[in-house]
>>> print(open('protein09.txt').read())   # compact mmCIF, C-alpha atoms (C1' of nucleotides)
# COMPACT_ATOMS: atom_id res chain seq x y z
CA MET O 1 -54.70 121.51 -21.36
CA ALA O 2 -51.78 122.29 -19.08
CA ASP O 3 -51.53 126.06 -19.23
CA SER O 4 -54.61 127.29 -17.40
CA PRO O 5 -57.02 124.66 -16.17
CA ARG O 6 -60.49 126.03 -15.65
CA TRP O 7 -61.26 124.49 -12.30
CA LEU O 8 -64.78 123.60 -11.40
CA THR O 9 -66.74 126.23 -9.53
CA ASP O 10 -68.15 125.24 -6.17
CA ASP O 11 -71.51 124.70 -7.77
CA GLU O 12 -70.06 122.55 -10.49
CA GLN O 13 -68.04 120.68 -7.90
CA ARG O 14 -71.18 119.85 -5.97
CA THR O 15 -73.04 118.89 -9.10
CA TRP O 16 -70.21 116.67 -10.21
CA ARG O 17 -69.90 114.82 -6.94
CA SER O 18 -73.64 114.31 -6.66
CA PHE O 19 -73.72 113.09 -10.21
CA MET O 20 -71.00 110.52 -9.63
CA LEU O 21 -72.50 109.26 -6.40
CA ALA O 22 -76.02 109.17 -7.78
CA THR O 23 -75.19 107.34 -10.99
CA GLN O 24 -73.01 104.96 -9.04
CA LEU O 25 -75.85 104.35 -6.63
CA VAL O 26 -78.33 103.62 -9.40
CA ASP O 27 -76.02 101.27 -11.21
CA GLU O 28 -74.93 99.39 -8.13
CA THR O 29 -78.45 99.01 -6.89
CA LEU O 30 -79.60 97.48 -10.16
CA ASP O 31 -76.54 95.34 -10.45
CA ARG O 32 -77.10 93.89 -7.02
CA GLN O 33 -80.78 93.35 -7.67
CA LEU O 34 -80.14 91.41 -10.85
CA GLN O 35 -77.27 89.50 -9.36
CA ARG O 36 -79.46 88.50 -6.45
CA ASP O 37 -82.61 87.67 -8.41
CA ALA O 38 -81.20 86.25 -11.63
CA ASN O 39 -77.51 85.75 -11.02
CA MET O 40 -76.86 88.15 -13.84
CA PRO O 41 -74.86 91.35 -14.14
CA HIS O 42 -76.75 94.43 -15.22
CA ALA O 43 -74.84 94.60 -18.49
CA TYR O 44 -76.06 91.16 -19.51
CA TYR O 45 -79.64 92.14 -18.86
CA GLY O 46 -79.18 94.82 -21.49
CA VAL O 47 -77.89 92.21 -23.88
CA LEU O 48 -80.98 90.07 -23.36
CA VAL O 49 -83.25 93.05 -23.88
CA ALA O 50 -81.45 94.07 -27.05
CA LEU O 51 -81.67 90.55 -28.45
CA SER O 52 -85.31 90.12 -27.48
CA GLU O 53 -86.21 93.29 -29.33
CA ALA O 54 -84.21 92.51 -32.46
CA PRO O 55 -85.91 91.15 -35.57
CA ASP O 56 -85.96 87.38 -35.22
CA THR O 57 -84.37 88.00 -31.79
CA THR O 58 -81.02 87.88 -33.54
CA LEU O 59 -78.19 90.31 -34.13
CA ARG O 60 -74.68 90.23 -35.44
CA MET O 61 -72.01 90.51 -32.76
CA SER O 62 -70.87 93.86 -34.11
CA ASP O 63 -74.31 95.35 -34.28
CA LEU O 64 -75.09 94.18 -30.79
CA ALA O 65 -71.83 95.60 -29.51
CA HIS O 66 -72.41 98.87 -31.26
CA HIS O 67 -75.98 99.12 -30.00
CA LEU O 68 -74.85 98.65 -26.40
CA ARG O 69 -71.60 100.58 -26.74
CA PHE O 70 -69.61 97.49 -25.86
CA SER O 71 -66.16 96.84 -27.22
CA GLN O 72 -65.96 93.80 -29.46
CA SER O 73 -63.87 92.05 -26.90
CA ARG O 74 -66.34 92.73 -24.15
CA MET O 75 -69.11 91.46 -26.38
CA THR O 76 -67.25 88.26 -27.14
CA HIS O 77 -66.59 87.57 -23.47
CA ALA O 78 -70.14 88.44 -22.51
CA ILE O 79 -71.73 86.20 -25.13
CA SER O 80 -69.37 83.38 -24.26
CA SER O 81 -70.50 83.64 -20.68
CA MET O 82 -74.14 83.89 -21.68
CA GLU O 83 -73.82 80.82 -23.87
CA ARG O 84 -72.46 78.93 -20.87
CA SER O 85 -75.53 80.07 -18.95
CA GLY O 86 -77.75 78.92 -21.78
CA TRP O 87 -79.18 82.38 -22.42
CA ALA O 88 -77.79 82.97 -25.91
CA VAL O 89 -76.40 81.08 -28.88
CA ARG O 90 -74.04 81.95 -31.64
CA ARG O 91 -74.20 80.74 -35.20
CA LYS O 92 -72.24 81.61 -38.28
CA CYS O 93 -73.53 84.32 -40.53
CA PRO O 94 -74.36 82.93 -43.97
CA ASN O 95 -73.49 86.11 -45.90
CA ASP O 96 -70.28 87.07 -44.21
CA ARG O 97 -68.13 84.34 -42.82
CA ARG O 98 -66.37 86.75 -40.50
CA SER O 99 -69.58 87.51 -38.68
CA GLN O 100 -71.48 85.67 -36.02
CA LEU O 101 -75.18 85.90 -35.38
CA VAL O 102 -76.32 85.85 -31.79
CA SER O 103 -79.81 84.88 -30.72
CA ILE O 104 -81.56 84.71 -27.42
CA THR O 105 -82.53 81.18 -26.41
CA PRO O 106 -85.92 80.12 -25.03
CA THR O 107 -84.23 79.87 -21.66
CA GLY O 108 -82.91 83.38 -22.06
CA SER O 109 -86.34 84.67 -22.97
CA GLU O 110 -87.85 83.00 -19.98
CA VAL O 111 -85.23 84.36 -17.63
CA LEU O 112 -85.87 87.80 -19.05
CA ARG O 113 -89.62 87.45 -18.67
CA GLU O 114 -89.28 86.31 -15.09
CA THR O 115 -86.72 88.93 -14.18
CA ALA O 116 -88.23 91.96 -15.87
CA PRO O 117 -90.96 92.81 -13.36
CA GLY O 118 -88.60 92.88 -10.41
CA HIS O 119 -86.06 94.81 -12.38
CA VAL O 120 -88.54 97.41 -13.52
CA ALA O 121 -89.75 97.76 -9.96
CA GLU O 122 -86.20 98.44 -8.87
CA VAL O 123 -85.69 100.97 -11.64
CA ARG O 124 -88.80 102.74 -10.46
CA SER O 125 -87.84 102.71 -6.84
CA VAL O 126 -84.30 103.92 -7.42
CA LEU O 127 -85.08 106.51 -10.07
CA PHE O 128 -88.57 107.34 -11.27
CA ASP O 129 -90.40 107.20 -7.98
CA LYS O 130 -88.02 109.77 -6.54
CA LEU O 131 -88.42 112.31 -9.34
CA SER O 132 -91.26 114.54 -10.40
CA ASP O 133 -92.55 114.30 -13.96
CA GLU O 134 -90.82 117.55 -14.65
CA GLN O 135 -87.52 116.23 -13.39
CA VAL O 136 -87.85 113.09 -15.49
CA GLU O 137 -88.39 115.29 -18.49
CA GLN O 138 -85.36 117.41 -17.58
CA LEU O 139 -83.24 114.33 -17.07
CA ARG O 140 -84.23 112.97 -20.44
CA THR O 141 -83.22 116.17 -22.18
CA ILE O 142 -79.95 116.35 -20.29
CA CYS O 143 -79.00 112.77 -21.12
CA ALA O 144 -79.97 113.18 -24.73
CA THR O 145 -77.76 116.25 -24.87
CA LEU O 146 -74.84 114.37 -23.42
CA LEU O 147 -75.28 111.65 -26.00
CA ALA O 148 -75.61 114.00 -28.94
CA ASP O 149 -72.93 114.33 -31.57
CA GLN O 150 -70.75 111.56 -30.32
CA PRO O 151 -67.47 111.29 -32.16
CA PRO O 152 -68.30 108.71 -34.84
CA THR O 153 -67.49 105.29 -33.49
CA MET G 1 -93.53 92.73 -6.95
CA ALA G 2 -94.91 89.89 -9.06
CA ASP G 3 -98.61 90.60 -9.28
CA SER G 4 -98.89 93.70 -11.45
CA PRO G 5 -95.66 95.20 -12.67
CA ARG G 6 -96.04 98.84 -13.59
CA TRP G 7 -94.10 98.85 -16.83
CA LEU G 8 -92.27 101.92 -17.92
CA THR G 9 -94.14 104.29 -20.18
CA ASP G 10 -92.56 105.04 -23.53
CA ASP G 11 -91.31 108.31 -22.15
CA GLU G 12 -89.82 106.65 -19.12
CA GLN G 13 -88.33 103.98 -21.35
CA ARG G 14 -86.59 106.60 -23.42
CA THR G 15 -85.40 108.46 -20.37
CA TRP G 16 -84.10 105.29 -18.81
CA ARG G 17 -82.14 104.20 -21.85
CA SER G 18 -80.67 107.63 -22.38
CA PHE G 19 -79.73 107.77 -18.74
CA MET G 20 -77.92 104.46 -18.84
CA LEU G 21 -76.08 105.25 -22.05
CA ALA G 22 -75.17 108.76 -20.94
CA THR G 23 -73.88 107.82 -17.50
CA GLN G 24 -72.01 104.92 -19.03
CA LEU G 25 -70.49 107.26 -21.57
CA VAL G 26 -69.35 109.75 -18.96
CA ASP G 27 -67.84 107.13 -16.73
CA GLU G 28 -66.08 105.29 -19.52
CA THR G 29 -64.70 108.48 -20.98
CA LEU G 30 -63.18 109.52 -17.67
CA ASP G 31 -61.93 106.07 -16.93
CA ARG G 32 -60.14 105.91 -20.25
CA GLN G 33 -58.71 109.38 -19.81
CA LEU G 34 -57.24 108.59 -16.41
CA GLN G 35 -56.03 105.20 -17.49
CA ARG G 36 -54.29 106.75 -20.44
CA ASP G 37 -52.82 109.77 -18.66
CA ALA G 38 -52.06 108.39 -15.22
CA ASN G 39 -52.49 104.65 -15.49
CA MET G 40 -55.18 104.92 -12.87
CA PRO G 41 -58.80 103.81 -12.73
CA HIS G 42 -61.36 106.50 -12.12
CA ALA G 43 -62.25 105.04 -8.74
CA TYR G 44 -58.72 105.47 -7.47
CA TYR G 45 -58.68 109.09 -8.50
CA GLY G 46 -61.60 109.56 -6.14
CA VAL G 47 -59.60 107.92 -3.39
CA LEU G 48 -56.71 110.31 -3.93
CA VAL G 49 -59.03 113.28 -3.89
CA ALA G 50 -60.73 112.13 -0.71
CA LEU G 51 -57.40 111.61 1.02
CA SER G 52 -55.96 114.89 -0.19
CA GLU G 53 -58.94 116.76 1.27
CA ALA G 54 -58.94 114.95 4.60
CA PRO G 55 -57.42 116.54 7.69
CA ASP G 56 -53.77 115.62 7.72
CA THR G 57 -54.51 113.90 4.38
CA THR G 58 -55.37 110.83 6.40
CA LEU G 59 -58.49 108.76 6.95
CA ARG G 60 -59.45 105.49 8.53
CA MET G 61 -60.18 102.72 6.04
CA SER G 62 -63.82 102.60 7.12
CA ASP G 63 -64.37 106.30 6.86
CA LEU G 64 -62.77 106.40 3.47
CA ALA G 65 -64.87 103.49 2.30
CA HIS G 66 -68.02 105.04 3.67
CA HIS G 67 -67.23 108.41 2.10
CA LEU G 68 -66.80 106.85 -1.32
CA ARG G 69 -69.51 104.22 -0.92
CA PHE G 70 -66.97 101.46 -1.34
CA SER G 71 -67.34 98.10 0.34
CA GLN G 72 -64.65 97.39 2.88
CA SER G 73 -63.28 94.67 0.71
CA ARG G 74 -63.09 96.94 -2.28
CA MET G 75 -61.34 99.53 -0.16
CA THR G 76 -58.78 97.02 1.08
CA HIS G 77 -57.99 95.83 -2.42
CA ALA G 78 -57.85 99.37 -3.76
CA ILE G 79 -55.51 100.62 -1.06
CA SER G 80 -53.31 97.56 -1.46
CA SER G 81 -53.00 98.35 -5.13
CA MET G 82 -52.38 102.01 -4.44
CA GLU G 83 -49.68 101.15 -1.94
CA ARG G 84 -47.98 99.07 -4.61
CA SER G 85 -48.14 102.12 -6.87
CA GLY G 86 -46.68 104.26 -4.12
CA TRP G 87 -49.69 106.56 -3.94
CA ALA G 88 -50.89 105.72 -0.43
CA VAL G 89 -49.66 104.19 2.81
CA ARG G 90 -51.32 102.41 5.66
CA ARG G 91 -50.38 102.63 9.28
CA LYS G 92 -51.96 101.29 12.41
CA CYS G 93 -54.42 103.43 14.27
CA PRO G 94 -53.16 104.22 17.76
CA ASN G 95 -56.58 104.40 19.41
CA ASP G 96 -58.22 101.41 17.90
CA ARG G 97 -56.04 98.52 16.97
CA ARG G 98 -58.64 97.16 14.58
CA SER G 99 -58.39 100.22 12.40
CA GLN G 100 -55.92 101.33 9.81
CA LEU G 101 -55.13 104.90 8.87
CA VAL G 102 -54.51 105.61 5.21
CA SER G 103 -52.57 108.62 3.98
CA ILE G 104 -51.72 109.93 0.59
CA THR G 105 -47.98 109.89 -0.13
CA PRO G 106 -45.99 112.74 -1.65
CA THR G 107 -45.91 110.71 -4.83
CA GLY G 108 -49.68 110.37 -4.69
CA SER G 109 -50.09 114.09 -4.18
CA GLU G 110 -47.85 114.80 -7.10
CA VAL G 111 -49.67 112.40 -9.37
CA LEU G 112 -52.93 114.01 -8.36
CA ARG G 113 -51.58 117.50 -8.98
CA GLU G 114 -50.29 116.52 -12.40
CA THR G 115 -53.42 114.63 -13.37
CA ALA G 116 -56.07 117.00 -12.11
CA PRO G 117 -55.99 119.60 -14.90
CA GLY G 118 -56.43 117.05 -17.64
CA HIS G 119 -59.10 115.29 -15.69
CA VAL G 120 -61.05 118.45 -15.01
CA ALA G 121 -60.81 119.34 -18.68
CA GLU G 122 -62.28 115.97 -19.54
CA VAL G 123 -65.08 116.40 -17.02
CA ARG G 124 -65.88 119.72 -18.61
CA SER G 125 -65.82 118.42 -22.12
CA VAL G 126 -67.94 115.38 -21.40
CA LEU G 127 -70.45 117.05 -19.10
CA PHE G 128 -70.44 120.73 -18.26
CA ASP G 129 -69.57 122.11 -21.67
CA LYS G 130 -72.55 120.34 -23.15
CA LEU G 131 -75.11 121.63 -20.68
CA SER G 132 -76.59 125.04 -20.07
CA ASP G 133 -76.30 126.59 -16.62
CA GLU G 134 -79.94 125.81 -16.12
CA GLN G 135 -79.43 122.17 -16.98
CA VAL G 136 -76.49 121.92 -14.62
CA GLU G 137 -78.70 123.28 -11.89
CA GLN G 138 -81.44 120.81 -12.77
CA LEU G 139 -78.99 117.95 -12.81
CA ARG G 140 -77.69 118.90 -9.41
CA THR G 141 -81.17 118.91 -7.93
CA ILE G 142 -82.03 115.62 -9.56
CA CYS G 143 -78.91 113.88 -8.31
CA ALA G 144 -79.32 115.28 -4.83
CA THR G 145 -82.87 113.95 -4.84
CA LEU G 146 -81.71 110.52 -5.87
CA LEU G 147 -79.19 110.51 -3.07
CA ALA G 148 -81.61 111.74 -0.42
CA ASP G 149 -82.83 109.49 2.37
CA GLN G 150 -80.60 106.61 1.57
CA PRO G 151 -81.30 103.59 3.70
CA PRO G 152 -78.80 104.10 6.51
CA THR G 153 -75.64 102.28 5.62
C1' DC L 1 -65.37 89.61 34.79
C1' DG L 2 -66.52 87.35 30.46
C1' DA L 3 -69.47 85.31 26.83
C1' DG L 4 -71.73 87.02 22.95
C1' DT L 5 -72.12 90.57 19.61
C1' DT L 6 -70.54 94.14 16.80
C1' DT L 7 -67.00 96.54 14.28
C1' DA L 8 -62.71 96.76 11.32
C1' DC L 9 -60.26 94.81 8.15
C1' DT L 10 -58.14 91.02 5.20
C1' DT L 11 -58.07 87.10 2.22
C1' DG L 12 -58.84 84.29 -1.81
C1' DA L 13 -61.66 82.79 -5.44
C1' DA L 14 -64.73 83.75 -9.19
C1' DA L 15 -66.51 87.02 -12.47
C1' DT L 16 -66.20 90.81 -15.49
C1' DC L 17 -63.78 94.24 -18.15
C1' DT L 18 -59.84 96.31 -20.73
C1' DC L 19 -56.08 96.16 -23.62
C1' DA L 20 -52.99 94.41 -27.01
C1' DA L 21 -52.14 90.92 -30.16
C1' DC L 22 -53.85 87.70 -33.34
C1' DT L 23 -56.70 85.07 -37.14
C1' DA L 24 -59.82 85.12 -40.73
C1' DT L 25 -62.49 87.27 -44.16
C1' DC L 26 -63.90 90.80 -47.16
C1' DT L 27 -63.36 95.07 -50.24
C1' DG L 28 -61.31 98.29 -53.29
C1' DC L 29 -58.42 99.13 -56.86
C1' DG L 30 -54.33 99.05 -59.86
C1' DC W 1 -56.26 88.63 -60.60
C1' DG W 2 -53.98 89.84 -56.34
C1' DC W 3 -52.34 92.76 -52.80
C1' DA W 4 -53.22 96.45 -49.20
C1' DG W 5 -56.11 97.77 -45.96
C1' DA W 6 -60.36 97.55 -43.52
C1' DT W 7 -63.65 94.73 -40.90
C1' DA W 8 -65.32 90.87 -37.63
C1' DG W 9 -64.33 88.39 -34.08
C1' DT W 10 -61.38 85.72 -30.64
C1' DT W 11 -57.87 85.05 -27.22
C1' DG W 12 -55.25 85.55 -23.05
C1' DA W 13 -53.24 88.29 -19.60
C1' DG W 14 -53.74 91.69 -16.16
C1' DA W 15 -56.63 94.61 -13.21
C1' DT W 16 -60.57 95.61 -10.62
C1' DT W 17 -64.64 94.24 -8.18
C1' DT W 18 -67.78 91.24 -5.58
C1' DC W 19 -68.86 87.73 -2.46
C1' DA W 20 -68.24 84.63 1.30
C1' DA W 21 -65.44 83.41 4.87
C1' DG W 22 -62.13 84.38 8.26
C1' DT W 23 -59.27 87.00 12.01
C1' DA W 24 -58.77 90.28 15.46
C1' DA W 25 -60.07 93.83 18.53
C1' DA W 26 -63.62 96.44 21.02
C1' DC W 27 -68.01 96.82 23.18
C1' DT W 28 -72.14 95.30 26.14
C1' DC W 29 -74.38 93.99 29.97
C1' DG W 30 -75.86 90.27 33.03
>>> encode(input="protein09.txt", output="structure tokens")
Amino acid sequence: MADSPRWLTDDEQRTWRSFMLATQLVDETLDRQLQRDANMPHAYYGVLVALSEAPDTTLRMSDLAHHLRFSQSRMTHAISSMERSGWAVRRKCPNDRRSQLVSITPTGSEVLRETAPGHVAEVRSVLFDKLSDEQVEQLRTICATLLADQPPT
Amino acid sequence: MADSPRWLTDDEQRTWRSFMLATQLVDETLDRQLQRDANMPHAYYGVLVALSEAPDTTLRMSDLAHHLRFSQSRMTHAISSMERSGWAVRRKCPNDRRSQLVSITPTGSEVLRETAPGHVAEVRSVLFDKLSDEQVEQLRTICATLLADQPPT
DNA sequence: CGAGTTTACTTGAAATCTCAACTATCTGCG
DNA sequence: CGCAGATAGTTGAGATTTCAAGTAAACTCG
């Protein structure tokens, strides 16, 4: 990768900078909204959603981490913090004593229920309301393409 | 925003989740690459680029922060760290004694020069190589749309 | 002029995230 | 069986980021 770097064309340059600024804008906007309304980082909202959708609202740490593309360490720290907030609980896995099962608590569910409408509204206002249906469709395809054939985790 | 939340349609839901995972993937990939190759977070790479492109490779703290959409605090901490690394220097602004002028150092320029090819290659491999020219064009329009008519900072 | 406001930046604490190192458990296989 | 290696998770340190609070200089306009 040192001999002849293919620099970005001007068009690619512009696309790249817009992409970085735009994705940064979306993420920061949502992070601030959740921090303000629920005292919760955006990443933890995703954890609550994942748990609430899981069978029996419970997942193993690893599966949860894998689902959200978190490192195990990040997952551990996040769940520790969420336990302190009363949003999640850990319990030992009966089958595999290495594993931990995480569940959302009633408090966590309630926080999620209360927070979701405002969060969805913010997602709309920062993303969907600004795009045409066609653009949403394009964006979906583009993102799916970027996610395809990941190197196996 | 509490009376009748317009939930996301299934299509929007899918788009939204892909978008979050994809943007997360891109950012994490680049962050890891820069951390590995230059011991530098992705955000600081942007600072070096901004400085290197500025007239006289110098900018006021505020202008730099505004350009990168950093908070002033974040900018201060970042430049402090980058001064410790020898990549940037601060000096007082002659006109306005509240301001500080930041410049890239020769070391910073060299690090940037050495790091850029690998970084560009990573940007290509994680984004541009996966998309058709048409998709790149679509993405550019979409991102520009998202960035349009920001509430004035 | 000068009091009040705005602008520019810094500081320090709290939170999150990453990375490397570590413990504990399980699995495969000779 | 029993060891080697893989898997699951935790820990703690270091780095970045955010937030609230604080300092200092410049502007405004009565």
>>> closest_atom_pairs(input="protein09.txt", of="chain G", to="chain O", cutoff="9 Å", atoms="all atoms listed in the file", output="CSV")
residue,atom,partner,partner_atom,distance
G:Met1,CA,O:Gly118,CA,6.0
G:Ala2,CA,O:Pro117,CA,6.5
G:Asp3,CA,O:Pro117,CA,8.9
G:Ser4,CA,O:Pro117,CA,8.2
G:Pro5,CA,O:Pro117,CA,5.3
G:Arg6,CA,O:Ala121,CA,7.3
G:Trp7,CA,O:Val120,CA,6.6
G:Leu8,CA,O:Val120,CA,7.3
G:Asp11,CA,O:Glu137,CA,8.4
G:Glu12,CA,O:Val136,CA,7.7
G:Arg14,CA,O:Arg140,CA,7.4
G:Thr15,CA,O:Arg140,CA,4.7
G:Trp16,CA,O:Arg140,CA,7.9
G:Ser18,CA,O:Cys143,CA,5.5
G:Phe19,CA,O:Cys143,CA,5.6
G:Met20,CA,O:Asp27,CA,8.5
G:Leu21,CA,O:Leu147,CA,7.6
G:Ala22,CA,O:Cys143,CA,5.5
G:Thr23,CA,O:Thr23,CA,6.7
G:Gln24,CA,O:Arg69,CA,8.9
G:Leu25,CA,O:Leu147,CA,7.9
G:Val26,CA,O:Leu146,CA,8.4
G:Asp27,CA,O:Met20,CA,8.5
G:Leu68,CA,O:Leu21,CA,8.0
G:Arg69,CA,O:Leu21,CA,8.0
G:Glu114,CA,O:Ala2,CA,9.0
G:Ala116,CA,O:Pro5,CA,8.7
G:Pro117,CA,O:Pro5,CA,5.3
G:Gly118,CA,O:Met1,CA,6.1
G:Val120,CA,O:Trp7,CA,6.6
G:Ala121,CA,O:Pro5,CA,7.0
G:Val123,CA,O:Trp16,CA,8.5
G:Arg124,CA,O:Leu8,CA,8.3
G:Val126,CA,O:Leu146,CA,7.3
G:Leu127,CA,O:Leu146,CA,6.7
G:Phe128,CA,O:Glu12,CA,8.0
G:Lys130,CA,O:Leu146,CA,6.4
G:Leu131,CA,O:Ile142,CA,7.2
G:Gln135,CA,O:Ile142,CA,6.7
G:Val136,CA,O:Thr15,CA,7.2
G:Glu137,CA,O:Thr15,CA,7.7
G:Gln138,CA,O:Gln138,CA,7.1
G:Leu139,CA,O:Leu139,CA,7.0
G:Arg140,CA,O:Thr15,CA,4.7
G:Thr141,CA,O:Thr15,CA,8.2
G:Ile142,CA,O:Gln135,CA,6.7
G:Cys143,CA,O:Ser18,CA,5.5
G:Ala144,CA,O:Ser18,CA,6.0
G:Thr145,CA,O:Lys130,CA,6.8
G:Leu146,CA,O:Ala22,CA,6.2
G:Leu147,CA,O:Ala22,CA,5.8
>>> write_last_selection(input="protein09.txt", atoms="C-alpha atoms", output="short mmCIF file (atom, residue, chain, number, x, y, z; two decimals), keeping the file's coordinate frame")
data_model
loop_
_atom_site.label_atom_id
_atom_site.label_comp_id
_atom_site.auth_asym_id
_atom_site.auth_seq_id
_atom_site.Cartn_x
_atom_site.Cartn_y
_atom_site.Cartn_z
CA MET G 1 -93.53 92.73 -6.95
CA ALA G 2 -94.91 89.89 -9.06
CA ASP G 3 -98.61 90.60 -9.28
CA SER G 4 -98.89 93.70 -11.45
CA PRO G 5 -95.66 95.20 -12.67
CA ARG G 6 -96.04 98.84 -13.59
CA TRP G 7 -94.10 98.85 -16.83
CA LEU G 8 -92.27 101.92 -17.92
CA ASP G 11 -91.31 108.31 -22.15
CA GLU G 12 -89.82 106.65 -19.12
CA ARG G 14 -86.59 106.60 -23.42
CA THR G 15 -85.40 108.46 -20.37
CA TRP G 16 -84.10 105.29 -18.81
CA SER G 18 -80.67 107.63 -22.38
CA PHE G 19 -79.73 107.77 -18.74
CA MET G 20 -77.92 104.46 -18.84
CA LEU G 21 -76.08 105.25 -22.05
CA ALA G 22 -75.17 108.76 -20.94
CA THR G 23 -73.88 107.82 -17.50
CA GLN G 24 -72.01 104.92 -19.03
CA LEU G 25 -70.49 107.26 -21.57
CA VAL G 26 -69.35 109.75 -18.96
CA ASP G 27 -67.84 107.13 -16.73
CA LEU G 68 -66.80 106.85 -1.32
CA ARG G 69 -69.51 104.22 -0.92
CA GLU G 114 -50.29 116.52 -12.40
CA ALA G 116 -56.07 117.00 -12.11
CA PRO G 117 -55.99 119.60 -14.90
CA GLY G 118 -56.43 117.05 -17.64
CA VAL G 120 -61.05 118.45 -15.01
CA ALA G 121 -60.81 119.34 -18.68
CA VAL G 123 -65.08 116.40 -17.02
CA ARG G 124 -65.88 119.72 -18.61
CA VAL G 126 -67.94 115.38 -21.40
CA LEU G 127 -70.45 117.05 -19.10
CA PHE G 128 -70.44 120.73 -18.26
CA LYS G 130 -72.55 120.34 -23.15
CA LEU G 131 -75.11 121.63 -20.68
CA GLN G 135 -79.43 122.17 -16.98
CA VAL G 136 -76.49 121.92 -14.62
CA GLU G 137 -78.70 123.28 -11.89
CA GLN G 138 -81.44 120.81 -12.77
CA LEU G 139 -78.99 117.95 -12.81
CA ARG G 140 -77.69 118.90 -9.41
CA THR G 141 -81.17 118.91 -7.93
CA ILE G 142 -82.03 115.62 -9.56
CA CYS G 143 -78.91 113.88 -8.31
CA ALA G 144 -79.32 115.28 -4.83
CA THR G 145 -82.87 113.95 -4.84
CA LEU G 146 -81.71 110.52 -5.87
CA LEU G 147 -79.19 110.51 -3.07
#
>>> atom_distance(input="protein09.txt", atom1="CA of His77 in chain O", atom2="CA of Val89 in chain O")
12.9 Å
>>> residues_near_point(input="protein09.txt", point="(-58.0, 93.8, 20.4)", cutoff="7 Å", atoms="all atoms listed in the file", output="list in words")
Arg97 and Arg98 of chain G; DA24, DA25 and DA26 of chain W
>>> closest_atom_pairs(input="protein09.txt", of="chain G", to="chain L", cutoff="10 Å", atoms="all atoms listed in the file", output="tab-separated table")
residue	atom	partner	partner_atom	distance
G:Arg32	CA	L:DT18	C1'	9.6
G:Arg60	CA	L:DA8	C1'	9.7
G:Met61	CA	L:DC9	C1'	8.2
G:Ser62	CA	L:DA8	C1'	7.3
G:Gln72	CA	L:DC9	C1'	7.3
G:Ser73	CA	L:DT10	C1'	7.7
G:Met75	CA	L:DC9	C1'	9.6
G:Thr76	CA	L:DT10	C1'	7.3
G:His77	CA	L:DT10	C1'	9.0
G:Asp96	CA	L:DA8	C1'	9.2
G:Arg97	CA	L:DA8	C1'	8.9
G:Arg98	CA	L:DA8	C1'	5.2
G:Ser99	CA	L:DA8	C1'	5.6
G:Gln100	CA	L:DC9	C1'	8.0
>>> interface_residues(input="protein09.txt", of="chain W", to="chain O", cutoff="10 Å", atoms="all atoms listed in the file", output="PyMOL selection string")
chain W and resi 7-11+18
>>> write_last_selection(input="protein09.txt", atoms="C-alpha atoms (C1' of nucleotides)", output="short mmCIF file (atom, residue, chain, number, x, y, z; two decimals), in the frame of the given file")
data_model
loop_
_atom_site.label_atom_id
_atom_site.label_comp_id
_atom_site.auth_asym_id
_atom_site.auth_seq_id
_atom_site.Cartn_x
_atom_site.Cartn_y
_atom_site.Cartn_z
"C1'" DT W 7 -63.65 94.73 -40.90
"C1'" DA W 8 -65.32 90.87 -37.63
"C1'" DG W 9 -64.33 88.39 -34.08
"C1'" DT W 10 -61.38 85.72 -30.64
"C1'" DT W 11 -57.87 85.05 -27.22
"C1'" DT W 18 -67.78 91.24 -5.58
#
>>> atom_distance(input="protein09.txt", atom1="CA of Asp31 in chain O", atom2="CA of Met82 in chain O")
16.2 Å
>>> atom_distance(input="protein09.txt", atom1="CA of Ile79 in chain O", atom2="CA of Gln35 in chain G")
25.8 Å
>>> build_atoms(input="protein09.txt", residues="range 83-91 of chain O", atoms="N, CA and C atoms", output="PDB file, in the coordinates of the input")
ATOM      1  N   GLU O  83     -73.616  82.143 -23.267  1.00  0.00           N
ATOM      2  CA  GLU O  83     -73.820  80.820 -23.870  1.00  0.00           C
ATOM      3  C   GLU O  83     -73.665  79.736 -22.798  1.00  0.00           C
ATOM      4  N   ARG O  84     -72.658  79.899 -21.958  1.00  0.00           N
ATOM      5  CA  ARG O  84     -72.460  78.930 -20.870  1.00  0.00           C
ATOM      6  C   ARG O  84     -73.682  78.878 -19.973  1.00  0.00           C
ATOM      7  N   SER O  85     -74.324  80.030 -19.786  1.00  0.00           N
ATOM      8  CA  SER O  85     -75.530  80.070 -18.950  1.00  0.00           C
ATOM      9  C   SER O  85     -76.770  79.578 -19.697  1.00  0.00           C
ATOM     10  N   GLY O  86     -76.616  79.387 -20.994  1.00  0.00           N
ATOM     11  CA  GLY O  86     -77.750  78.920 -21.780  1.00  0.00           C
ATOM     12  C   GLY O  86     -78.720  80.013 -22.178  1.00  0.00           C
ATOM     13  N   TRP O  87     -78.284  81.256 -22.130  1.00  0.00           N
ATOM     14  CA  TRP O  87     -79.180  82.380 -22.420  1.00  0.00           C
ATOM     15  C   TRP O  87     -79.074  82.843 -23.876  1.00  0.00           C
ATOM     16  N   ALA O  88     -78.003  82.493 -24.547  1.00  0.00           N
ATOM     17  CA  ALA O  88     -77.790  82.970 -25.910  1.00  0.00           C
ATOM     18  C   ALA O  88     -77.048  81.895 -26.704  1.00  0.00           C
ATOM     19  N   VAL O  89     -77.169  81.986 -28.012  1.00  0.00           N
ATOM     20  CA  VAL O  89     -76.400  81.080 -28.880  1.00  0.00           C
ATOM     21  C   VAL O  89     -75.812  81.863 -30.040  1.00  0.00           C
ATOM     22  N   ARG O  90     -74.694  81.376 -30.481  1.00  0.00           N
ATOM     23  CA  ARG O  90     -74.040  81.950 -31.640  1.00  0.00           C
ATOM     24  C   ARG O  90     -74.226  81.001 -32.829  1.00  0.00           C
ATOM     25  N   ARG O  91     -74.326  81.582 -34.014  1.00  0.00           N
ATOM     26  CA  ARG O  91     -74.200  80.740 -35.200  1.00  0.00           C
ATOM     27  C   ARG O  91     -73.575  81.569 -36.301  1.00  0.00           C
TER      28      ARG O  91
END
